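Enquirer: TSV, C-alpha atoms, saved as model_13.tsv, coming up:
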```
chain	number	residue	atom	x	y	z
A	7	MET	CA	-9.14	18.74	9.23
A	8	SER	CA	-10.63	19.54	5.82
A	9	SER	CA	-9.70	22.86	4.22
A	10	ALA	CA	-13.31	23.97	4.72
A	11	GLU	CA	-12.89	23.65	8.50
A	12	LEU	CA	-9.66	25.65	8.61
A	13	LEU	CA	-9.87	29.20	9.89
A	14	LYS	CA	-8.84	32.02	7.58
A	15	THR	CA	-6.95	35.20	8.45
A	16	PRO	CA	-8.20	38.56	7.11
A	17	LEU	CA	-5.43	38.36	4.46
A	18	HIS	CA	-6.48	34.94	3.11
A	19	ALA	CA	-7.80	36.18	-0.25
A	20	LEU	CA	-4.68	38.32	-0.71
A	21	HIS	CA	-2.43	35.26	-0.21
A	22	ILE	CA	-4.37	33.43	-2.94
A	23	GLU	CA	-4.11	36.46	-5.23
A	24	LEU	CA	-0.33	36.54	-4.64
A	25	GLY	CA	-0.03	32.87	-5.67
A	26	ALA	CA	0.69	31.44	-2.23
A	27	LYS	CA	0.81	27.71	-1.61
A	28	MET	CA	-1.51	27.25	1.39
A	29	VAL	CA	-1.13	24.68	4.18
A	30	PRO	CA	-2.89	23.99	7.51
A	31	PHE	CA	-1.04	25.57	10.44
A	32	GLY	CA	-2.34	26.17	13.98
A	33	GLY	CA	-5.89	25.50	12.74
A	34	TYR	CA	-5.57	28.12	9.97
A	35	ASP	CA	-5.12	27.94	6.21
A	36	MET	CA	-1.75	29.71	5.93
A	37	PRO	CA	0.76	30.56	3.18
A	38	VAL	CA	3.82	28.29	3.39
A	39	GLN	CA	5.48	29.97	0.39
A	40	TYR	CA	4.85	32.25	-2.59
A	41	PRO	CA	6.03	31.68	-6.19
A	42	MET	CA	9.49	33.06	-5.31
A	43	GLY	CA	10.10	29.97	-3.14
A	44	VAL	CA	11.30	29.43	0.44
A	45	MET	CA	15.03	29.88	-0.23
A	46	ALA	CA	14.58	33.18	-2.11
A	47	GLU	CA	12.07	34.43	0.48
A	48	HIS	CA	14.53	33.66	3.29
A	49	LYS	CA	17.37	35.47	1.54
A	50	HIS	CA	15.15	38.43	0.62
A	51	THR	CA	14.18	38.89	4.30
A	52	ARG	CA	17.83	38.82	5.38
A	53	ALA	CA	18.78	41.34	2.66
A	54	ALA	CA	15.77	43.64	2.35
A	55	ALA	CA	12.28	43.31	3.93
A	56	GLY	CA	9.67	40.56	4.11
A	57	LEU	CA	5.97	40.83	5.01
A	58	PHE	CA	4.50	37.97	7.05
A	59	ASP	CA	0.87	37.36	7.97
A	60	VAL	CA	0.89	36.31	11.63
A	61	SER	CA	-2.80	37.04	12.23
A	62	HIS	CA	-3.27	33.44	13.42
A	63	MET	CA	-1.50	34.43	16.65
A	64	GLY	CA	-3.64	35.34	19.66
A	65	GLN	CA	-3.89	38.99	20.71
A	66	VAL	CA	-5.26	39.78	24.18
A	67	LEU	CA	-5.58	42.84	26.41
A	68	LEU	CA	-5.28	42.68	30.20
A	69	LYS	CA	-7.09	45.64	31.75
A	70	GLY	CA	-7.23	46.93	35.30
A	71	ALA	CA	-4.96	48.39	37.97
A	72	ASN	CA	-3.83	44.91	39.08
A	73	ALA	CA	-3.10	43.47	35.60
A	74	ALA	CA	0.70	43.45	35.95
A	75	ALA	CA	0.69	41.97	39.46
A	76	ALA	CA	-1.88	39.39	38.36
A	77	MET	CA	0.26	38.42	35.35
A	78	GLU	CA	3.25	37.85	37.65
A	79	THR	CA	1.30	35.05	39.36
A	80	ILE	CA	1.40	33.01	36.11
A	81	VAL	CA	4.74	34.00	34.49
A	82	PRO	CA	8.29	34.01	35.98
A	83	VAL	CA	9.14	37.40	34.50
A	84	ASP	CA	9.10	41.01	35.69
A	85	VAL	CA	5.85	42.59	34.48
A	86	ILE	CA	5.31	45.19	37.24
A	87	ASP	CA	8.49	47.12	36.38
A	88	LEU	CA	7.95	46.97	32.61
A	89	GLY	CA	8.16	50.55	31.33
A	90	LEU	CA	5.51	52.28	29.24
A	91	PHE	CA	5.58	51.06	25.61
A	92	LYS	CA	8.24	48.48	26.48
A	93	GLN	CA	7.82	44.85	25.46
A	94	ARG	CA	9.10	41.69	27.14
A	95	TYR	CA	9.29	37.98	26.32
A	96	ALA	CA	7.53	35.74	28.85
A	97	LEU	CA	6.55	32.14	29.56
A	98	PHE	CA	3.45	30.53	31.02
A	99	THR	CA	4.60	27.71	33.33
A	100	ASN	CA	2.83	24.81	35.00
A	101	GLU	CA	3.28	23.40	38.52
A	102	ALA	CA	6.13	21.15	37.33
A	103	GLY	CA	7.97	24.14	35.83
A	104	GLY	CA	7.07	23.04	32.28
A	105	ILE	CA	6.33	25.64	29.61
A	106	LEU	CA	2.66	25.99	28.60
A	107	ASP	CA	3.51	28.62	25.95
A	108	ASP	CA	5.84	31.52	25.26
A	109	LEU	CA	4.39	34.98	24.70
A	110	MET	CA	5.07	38.70	24.40
A	111	ILE	CA	3.82	41.36	26.82
A	112	ALA	CA	3.82	45.10	26.04
A	113	ARG	CA	2.80	47.81	28.49
A	114	ARG	CA	0.45	50.45	27.09
A	115	PRO	CA	-1.06	53.43	28.99
A	116	ASP	CA	-4.31	51.64	29.87
A	117	ASP	CA	-3.58	47.94	29.50
A	118	LEU	CA	-1.10	45.14	28.86
A	119	PHE	CA	-1.02	43.92	25.25
A	120	VAL	CA	-0.26	40.19	25.06
A	121	VAL	CA	0.53	38.06	21.99
A	122	VAL	CA	0.37	34.26	22.30
A	123	ASN	CA	1.02	31.44	19.84
A	124	ALA	CA	-1.67	30.33	17.40
A	125	GLY	CA	-1.74	26.68	18.42
A	126	CYS	CA	-2.05	27.55	22.12
A	127	LYS	CA	-4.26	30.63	22.02
A	128	VAL	CA	-7.55	28.99	23.03
A	129	GLN	CA	-6.03	27.34	26.10
A	130	ASP	CA	-3.84	30.39	26.86
A	131	ILE	CA	-6.88	32.67	26.95
A	132	ALA	CA	-8.77	30.14	29.09
A	133	HIS	CA	-5.70	29.86	31.37
A	134	MET	CA	-5.55	33.64	31.87
A	135	GLN	CA	-9.31	33.89	32.43
A	136	ALA	CA	-9.23	31.04	34.98
A	137	LYS	CA	-6.10	32.15	36.86
A	138	ILE	CA	-6.27	35.96	36.79
A	139	GLY	CA	-9.72	36.81	35.41
A	140	GLY	CA	-10.82	37.75	38.92
A	141	GLN	CA	-8.00	40.31	39.30
A	142	CYS	CA	-8.12	41.95	35.87
A	143	GLU	CA	-10.16	41.91	32.70
A	144	VAL	CA	-8.94	39.44	30.03
A	145	VAL	CA	-10.08	40.75	26.65
A	146	PRO	CA	-9.33	38.68	23.51
A	147	LEU	CA	-8.95	40.68	20.29
A	148	PRO	CA	-10.27	38.37	17.54
A	149	ASP	CA	-10.92	41.36	15.25
A	150	GLN	CA	-7.25	42.38	15.12
A	151	ALA	CA	-4.91	41.16	12.40
A	152	LEU	CA	-1.14	40.97	12.97
A	153	LEU	CA	1.49	41.67	10.30
A	154	ALA	CA	5.24	41.27	10.70
A	155	LEU	CA	7.57	43.37	8.54
A	156	GLN	CA	11.07	41.98	8.96
A	157	GLY	CA	14.53	42.66	7.58
A	158	PRO	CA	17.24	45.35	7.48
A	159	GLN	CA	15.16	47.55	5.14
A	160	ALA	CA	11.88	47.16	7.08
A	161	VAL	CA	12.41	50.52	8.77
A	162	THR	CA	13.00	52.22	5.40
A	163	ALA	CA	9.76	50.84	3.98
A	164	LEU	CA	7.63	51.47	7.06
A	165	SER	CA	9.01	55.00	7.54
A	166	ARG	CA	7.37	56.03	4.25
A	167	LEU	CA	4.00	55.39	5.92
A	168	ASN	CA	5.04	57.15	9.15
A	169	PRO	CA	8.61	58.45	9.69
A	170	GLU	CA	8.15	58.36	13.50
A	171	VAL	CA	8.51	54.55	13.58
A	172	ALA	CA	12.25	54.94	12.99
A	173	LYS	CA	12.65	56.35	16.53
A	174	LEU	CA	11.63	53.06	18.14
A	175	THR	CA	14.30	50.70	19.42
A	176	PHE	CA	14.16	46.90	19.75
A	177	MET	CA	11.33	45.72	22.06
A	178	THR	CA	9.59	49.10	22.27
A	179	GLY	CA	6.31	50.10	20.64
A	180	GLY	CA	3.52	52.61	20.31
A	181	PHE	CA	0.35	53.70	18.55
A	182	PHE	CA	1.08	54.80	14.97
A	183	ASN	CA	-1.09	55.98	12.11
A	184	LEU	CA	0.37	54.36	8.99
A	185	ASP	CA	-0.76	56.39	5.97
A	186	GLY	CA	-4.28	56.77	7.39
A	187	ILE	CA	-4.53	53.39	9.13
A	188	ASP	CA	-4.43	53.25	12.96
A	189	THR	CA	-2.15	50.55	14.40
A	190	PHE	CA	-0.32	49.47	17.52
A	191	LEU	CA	3.14	48.22	16.64
A	192	THR	CA	6.34	47.07	18.30
A	193	ARG	CA	9.88	46.95	16.95
A	194	SER	CA	10.30	43.21	17.32
A	195	GLY	CA	9.87	39.95	15.45
A	196	TYR	CA	10.88	36.36	15.03
A	197	THR	CA	13.58	36.36	12.34
A	198	GLY	CA	16.64	37.73	14.15
A	199	GLU	CA	16.41	40.82	11.93
A	200	ASP	CA	15.30	44.35	12.68
A	201	GLY	CA	11.59	44.71	12.04
A	202	PHE	CA	8.11	45.40	13.33
A	203	GLU	CA	5.00	43.53	14.40
A	204	ILE	CA	1.89	45.54	13.53
A	205	SER	CA	-1.53	45.00	15.12
A	206	VAL	CA	-4.27	46.41	12.89
A	207	HIS	CA	-8.05	46.02	12.76
A	208	ALA	CA	-9.04	43.16	10.45
A	209	ASP	CA	-11.06	45.59	8.27
A	210	HIS	CA	-7.86	47.51	7.41
A	211	ALA	CA	-5.42	44.59	7.20
A	212	VAL	CA	-5.54	44.10	3.43
A	213	ALA	CA	-5.20	47.84	2.75
A	214	LEU	CA	-2.16	48.01	5.03
A	215	ALA	CA	-0.61	44.89	3.52
A	216	ARG	CA	-1.03	46.36	0.02
A	217	LYS	CA	0.60	49.65	1.11
A	218	LEU	CA	3.57	47.69	2.49
A	219	LEU	CA	3.85	45.38	-0.54
A	220	ALA	CA	3.87	48.49	-2.76
A	221	GLN	CA	7.23	49.47	-1.20
A	222	PRO	CA	10.17	48.39	-3.41
A	223	GLU	CA	11.98	46.63	-0.55
A	224	VAL	CA	9.04	44.44	0.50
A	225	LYS	CA	8.04	40.96	-0.69
A	226	PRO	CA	5.47	38.57	0.82
A	227	ILE	CA	7.06	35.75	2.86
A	228	GLY	CA	5.48	32.45	3.94
A	229	LEU	CA	5.75	30.16	6.94
A	230	GLY	CA	8.53	28.08	5.35
A	231	ALA	CA	11.02	30.94	5.41
A	232	ARG	CA	9.65	32.14	8.74
A	233	ASP	CA	10.74	28.80	10.19
A	234	SER	CA	14.24	28.78	8.64
A	235	LEU	CA	14.77	32.43	9.64
A	236	ARG	CA	13.77	31.84	13.28
A	237	LEU	CA	15.90	28.70	13.44
A	238	GLU	CA	19.01	30.51	12.16
A	239	ALA	CA	18.25	33.15	14.81
A	240	GLY	CA	18.30	30.37	17.46
A	241	LEU	CA	14.71	31.14	18.52
A	242	CYS	CA	12.45	28.46	20.03
A	243	LEU	CA	9.29	27.26	18.34
A	244	TYR	CA	6.61	26.25	20.84
A	245	GLY	CA	5.57	22.61	20.50
A	246	HIS	CA	8.98	21.72	19.07
A	247	ASP	CA	11.90	23.24	21.03
A	248	ILE	CA	9.85	24.01	24.14
A	249	ASN	CA	6.73	22.38	25.58
A	250	THR	CA	5.25	21.20	28.87
A	251	ASP	CA	8.10	18.66	29.20
A	252	THR	CA	10.78	21.37	29.12
A	253	ASN	CA	11.40	24.04	31.73
A	254	PRO	CA	13.06	27.44	31.20
A	255	VAL	CA	16.43	26.31	32.62
A	256	GLU	CA	16.67	23.23	30.38
A	257	ALA	CA	15.47	25.37	27.47
A	258	SER	CA	18.33	27.88	28.00
A	259	LEU	CA	15.75	30.64	28.54
A	260	THR	CA	17.03	31.76	31.96
A	261	TRP	CA	17.75	35.23	30.46
A	262	ALA	CA	13.96	35.70	30.43
A	263	ILE	CA	13.72	35.37	34.24
A	264	GLN	CA	14.75	38.70	35.75
A	265	LYS	CA	16.62	38.83	39.07
A	266	VAL	CA	13.62	40.36	40.86
A	267	ARG	CA	11.64	37.13	40.23
A	268	ARG	CA	14.40	34.71	41.28
A	269	ALA	CA	15.15	33.35	44.75
A	270	GLY	CA	16.29	36.29	46.88
A	271	GLY	CA	14.63	38.83	44.55
A	272	ALA	CA	12.05	41.34	45.76
A	273	ARG	CA	9.18	39.46	44.06
A	274	ALA	CA	10.65	35.97	43.93
A	275	GLY	CA	8.43	33.01	43.10
A	276	GLY	CA	4.65	33.11	43.37
A	277	TYR	CA	4.17	31.59	39.90
A	278	PRO	CA	3.52	27.93	38.96
A	279	GLY	CA	6.63	25.73	39.19
A	280	ALA	CA	8.72	28.38	40.97
A	281	ALA	CA	10.32	25.89	43.38
A	282	VAL	CA	11.43	23.59	40.55
A	283	ILE	CA	12.76	26.45	38.44
A	284	ASP	CA	14.59	28.11	41.38
A	285	GLU	CA	16.23	24.78	42.25
A	286	GLN	CA	17.43	24.38	38.65
A	287	LEU	CA	18.58	28.00	38.45
A	288	ALA	CA	20.74	27.26	41.50
A	289	ASN	CA	22.03	23.81	40.51
A	290	GLY	CA	21.57	23.51	36.76
A	291	ALA	CA	19.41	21.10	34.77
A	292	ALA	CA	20.29	17.54	33.78
A	293	ARG	CA	19.90	18.43	30.10
A	294	LYS	CA	20.19	21.60	28.10
A	295	ARG	CA	18.96	23.06	24.82
A	296	VAL	CA	21.93	23.78	22.55
A	297	GLY	CA	22.69	24.94	19.04
A	298	LEU	CA	24.22	22.39	16.69
A	299	VAL	CA	26.08	22.93	13.40
A	300	SER	CA	27.24	20.31	10.90
A	301	SER	CA	29.99	20.65	8.29
A	302	GLU	CA	28.30	18.00	6.11
A	303	ARG	CA	25.48	18.61	3.64
A	304	MET	CA	22.93	16.22	5.11
A	305	PRO	CA	20.08	18.16	6.79
A	306	VAL	CA	19.34	17.02	10.33
A	307	ARG	CA	15.63	17.14	11.11
A	308	GLU	CA	13.43	17.23	14.21
A	309	GLY	CA	13.38	13.88	16.00
A	310	ALA	CA	16.90	12.77	15.02
A	311	LYS	CA	18.67	11.06	17.93
A	312	LEU	CA	21.94	12.54	19.21
A	313	VAL	CA	24.71	10.16	20.27
A	314	THR	CA	28.33	10.21	21.45
A	315	ALA	CA	31.24	8.84	19.38
A	316	GLU	CA	30.66	5.57	21.28
A	317	GLY	CA	27.02	5.48	20.16
A	318	VAL	CA	25.52	6.31	23.58
A	319	GLU	CA	22.23	8.21	23.16
A	320	ILE	CA	22.48	11.64	24.82
A	321	GLY	CA	19.63	13.67	23.35
A	322	VAL	CA	17.36	14.62	20.47
A	323	VAL	CA	17.04	17.28	17.76
A	324	THR	CA	13.95	19.49	18.15
A	325	SER	CA	14.35	21.72	15.04
A	326	GLY	CA	16.70	21.42	12.08
A	327	THR	CA	17.29	22.73	8.58
A	328	VAL	CA	20.03	23.68	6.16
A	329	GLY	CA	20.44	27.36	7.06
A	330	PRO	CA	20.25	29.37	3.81
A	331	THR	CA	22.31	32.22	5.31
A	332	VAL	CA	24.72	29.98	7.23
A	333	GLY	CA	25.12	27.62	4.27
A	334	LYS	CA	25.20	24.46	6.37
A	335	PRO	CA	22.88	22.32	8.48
A	336	VAL	CA	21.88	23.93	11.77
A	337	ALA	CA	19.70	22.52	14.52
A	338	LEU	CA	18.41	23.04	18.04
A	339	GLY	CA	18.24	20.09	20.38
A	340	TYR	CA	18.56	18.83	23.94
A	341	VAL	CA	21.65	17.02	25.20
A	342	ALA	CA	22.75	15.73	28.59
A	343	ARG	CA	24.46	18.49	30.56
A	344	GLU	CA	27.94	16.93	30.33
A	345	HIS	CA	27.77	17.19	26.51
A	346	ALA	CA	26.40	20.76	26.36
A	347	ALA	CA	29.70	22.71	26.36
A	348	LEU	CA	30.42	24.79	23.25
A	349	GLY	CA	32.64	22.90	20.81
A	350	THR	CA	31.57	19.42	21.97
A	351	GLU	CA	31.55	16.97	19.04
A	352	ILE	CA	28.52	14.67	18.88
A	353	PHE	CA	26.58	12.83	16.16
A	354	ALA	CA	23.02	12.95	14.83
A	355	ILE	CA	21.54	9.74	13.44
A	356	VAL	CA	20.12	10.52	9.98
A	357	ARG	CA	18.76	7.55	7.98
A	358	ASP	CA	20.84	5.16	10.11
A	359	LYS	CA	24.01	7.13	9.35
A	360	ARG	CA	25.98	9.28	11.78
A	361	THR	CA	26.25	12.98	10.88
A	362	PRO	CA	28.87	14.84	12.94
A	363	MET	CA	27.52	17.91	14.77
A	364	THR	CA	29.29	20.51	16.91
A	365	VAL	CA	27.62	22.21	19.87
A	366	SER	CA	27.52	25.86	18.85
A	367	SER	CA	26.41	29.20	20.22
A	368	THR	CA	23.23	30.78	18.87
A	369	PRO	CA	22.18	32.76	16.91
A	370	PHE	CA	23.81	30.93	14.01
A	371	THR	CA	23.83	34.18	12.02
A	372	PRO	CA	24.30	37.60	13.74
A	373	ASN	CA	21.15	39.39	14.91
A	374	GLY	CA	20.20	42.67	13.27
A	375	TYR	CA	18.09	44.14	16.09
A	376	TYR	CA	18.12	47.94	16.30
A	377	ARG	CA	19.03	48.98	19.84
A	378	GLY	CA	19.56	52.67	19.13
```
Mind converting the file's structure to structure tokens?
Expert:
Amino acid sequence: MSSAELLKTPLHALHIELGAKMVPFGGYDMPVQYPMGVMAEHKHTRAAAGLFDVSHMGQVLLKGANAAAAMETIVPVDVIDLGLFKQRYALFTNEAGGILDDLMIARRPDDLFVVVNAGCKVQDIAHMQAKIGGQCEVVPLPDQALLALQGPQAVTALSRLNPEVAKLTFMTGGFFNLDGIDTFLTRSGYTGEDGFEISVHADHAVALARKLLAQPEVKPIGLGARDSLRLEAGLCLYGHDINTDTNPVEASLTWAIQKVRRAGGARAGGYPGAAVIDEQLANGAARKRVGLVSSERMPVREGAKLVTAEGVEIGVVTSGTVGPTVGKPVALGYVAREHAALGTEIFAIVRDKRTPMTVSSTPFTPNGYYRG
């Protein structure tokens, strides 16, 4: 795809002004890093606050009295009991139990606010319109930008624009006027840190970004650091760690399936792949997504094969980097169930050499979410 064909977010000109290096991502021309560089951007977000443009993501409203019940026919999570201004992680599944995408759902007074991944948004919106469009109104929001302010000092910076945001806890949200700009925001994000995701009309996105960047704690952060931050936080990236060939049990995402939607629950099943997923919830999956840490310096990248000491292939790495906060190579990958126990020693094949890896719990660095 030529750069002329790439879509641009409302903040595109600002990224150029700030000296960003731009790359194609999810069909958009996006900033991968700024002059500070990926390592410094990563560390700044962990220490202070980073501003990310995530306007390439898809934002959608589901309207109508039956929206929550309709949504439960295509995701294995509890939407009906989601409280006002509460947000929840969810998964679209297919008939085989595979994951079509992961998404966020927030309940607002008159609708459900849904955020889907950039690379999947066209098919996700079509999927919702086809499957539940007859039961509720599916309204894409192409004129909304999305900013993520992440890091331990995000609340300090954002509170200068509206002190009320500090009252929110992790995975809650609300409508907030930020120094004259109307937004809907949630206290959530993708870095493992405290922070906020802010939906704002495209016409006001640059003004809001400038107000945030004017705060002493805040620096612009690109997709490079976004990826290393989310990986250290042990969070899945769709198309890499989860896809249509992985189901929620294999992907270690069973925490996202509430009891009410499981076998024996009040609203069990009724979504695509329910039988497969319930069977695996009961009996376990043949393979499992795990965290992996190496004590050596060699980074282990996506696609590296995982083997036993005897050289038997048991899995594959789906994301990997040298974690700037952790100070050593970290990875996510799938291994056969019998090798998935914490502390299991296995090897990744990197340039025909064996790099020792240890199955580890995630996140690799402690989360900083604010739970009140």
Enquirer: Just the residues within 12 Å of Thr162 of chain A, please, counting all atoms listed in the file, with nothing from its chain fewer than 2 positions along; format it as a short mmCIF file (atom, residue, chain, number, x, y, z; two decimals) with C-alpha atoms, in the coordinates of the input.
Expert:
```cif
data_model
loop_
_atom_site.label_atom_id
_atom_site.label_comp_id
_atom_site.auth_asym_id
_atom_site.auth_seq_id
_atom_site.Cartn_x
_atom_site.Cartn_y
_atom_site.Cartn_z
CA ALA A 54 15.77 43.64 2.35
CA ALA A 55 12.28 43.31 3.93
CA LEU A 155 7.57 43.37 8.54
CA GLN A 156 11.07 41.98 8.96
CA GLY A 157 14.53 42.66 7.58
CA PRO A 158 17.24 45.35 7.48
CA GLN A 159 15.16 47.55 5.14
CA ALA A 160 11.88 47.16 7.08
CA LEU A 164 7.63 51.47 7.06
CA SER A 165 9.01 55.00 7.54
CA ARG A 166 7.37 56.03 4.25
CA LEU A 167 4.00 55.39 5.92
CA ASN A 168 5.04 57.15 9.15
CA PRO A 169 8.61 58.45 9.69
CA GLU A 170 8.15 58.36 13.50
CA VAL A 171 8.51 54.55 13.58
CA ALA A 172 12.25 54.94 12.99
CA LYS A 173 12.65 56.35 16.53
CA ASP A 200 15.30 44.35 12.68
CA GLY A 201 11.59 44.71 12.04
CA PHE A 202 8.11 45.40 13.33
CA LEU A 218 3.57 47.69 2.49
CA GLN A 221 7.23 49.47 -1.20
CA PRO A 222 10.17 48.39 -3.41
CA GLU A 223 11.98 46.63 -0.55
CA VAL A 224 9.04 44.44 0.50
#
```
Enquirer: Would you list the residues near (15.3, 13.5, 14.1) (no more than 10 Å away, in the coordinates of the file, using all atoms listed in the file) as JSON, numbers by chain?
Expert: {"A": [305, 306, 307, 308, 309, 310, 311, 312, 322, 323, 324, 325, 326, 339, 354, 355, 356, 357]}
Enquirer: Which residue is closest to Ala220 of chain A? Choose from A:Ala337, A:Leu57, A:Gly276, A:Val296 and count all atoms listed in the file.
Expert: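 For Ala220 of chain A, the nearest of the given residues is A:Leu57.
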Enquirer: Can you tell me which residues surround Leu174 of chain A at a distance of at most 10 Å, considering all atoms listed in the file, apart from same-chain residues fewer than 6 positions away, and format the answer as an MDAnalysis selection string?
Expert: chainID A and resid 91 161 180 191:194 202 376:378
Enquirer: Can you tell me, as a CSV table (one decimal) with C-alpha atoms, in the coordinates of the input, what residues are no more than 12 Å from Ala280 of chain A when counting all atoms listed in the file, ignoring any on the same chain fewer than 3 positions away?
Expert:
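The resulting file, around_2.csv, is reproduced below:
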```csv
chain,number,residue,atom,x,y,z
A,78,GLU,CA,3.2,37.8,37.6
A,79,THR,CA,1.3,35.0,39.4
A,80,ILE,CA,1.4,33.0,36.1
A,81,VAL,CA,4.7,34.0,34.5
A,82,PRO,CA,8.3,34.0,36.0
A,83,VAL,CA,9.1,37.4,34.5
A,98,PHE,CA,3.4,30.5,31.0
A,99,THR,CA,4.6,27.7,33.3
A,100,ASN,CA,2.8,24.8,35.0
A,101,GLU,CA,3.3,23.4,38.5
A,102,ALA,CA,6.1,21.2,37.3
A,103,GLY,CA,8.0,24.1,35.8
A,104,GLY,CA,7.1,23.0,32.3
A,105,ILE,CA,6.3,25.6,29.6
A,253,ASN,CA,11.4,24.0,31.7
A,254,PRO,CA,13.1,27.4,31.2
A,255,VAL,CA,16.4,26.3,32.6
A,263,ILE,CA,13.7,35.4,34.2
A,267,ARG,CA,11.6,37.1,40.2
A,268,ARG,CA,14.4,34.7,41.3
A,269,ALA,CA,15.2,33.4,44.8
A,273,ARG,CA,9.2,39.5,44.1
A,274,ALA,CA,10.6,36.0,43.9
A,275,GLY,CA,8.4,33.0,43.1
A,276,GLY,CA,4.6,33.1,43.4
A,277,TYR,CA,4.2,31.6,39.9
A,283,ILE,CA,12.8,26.4,38.4
A,284,ASP,CA,14.6,28.1,41.4
A,285,GLU,CA,16.2,24.8,42.2
A,286,GLN,CA,17.4,24.4,38.6
A,287,LEU,CA,18.6,28.0,38.4
```
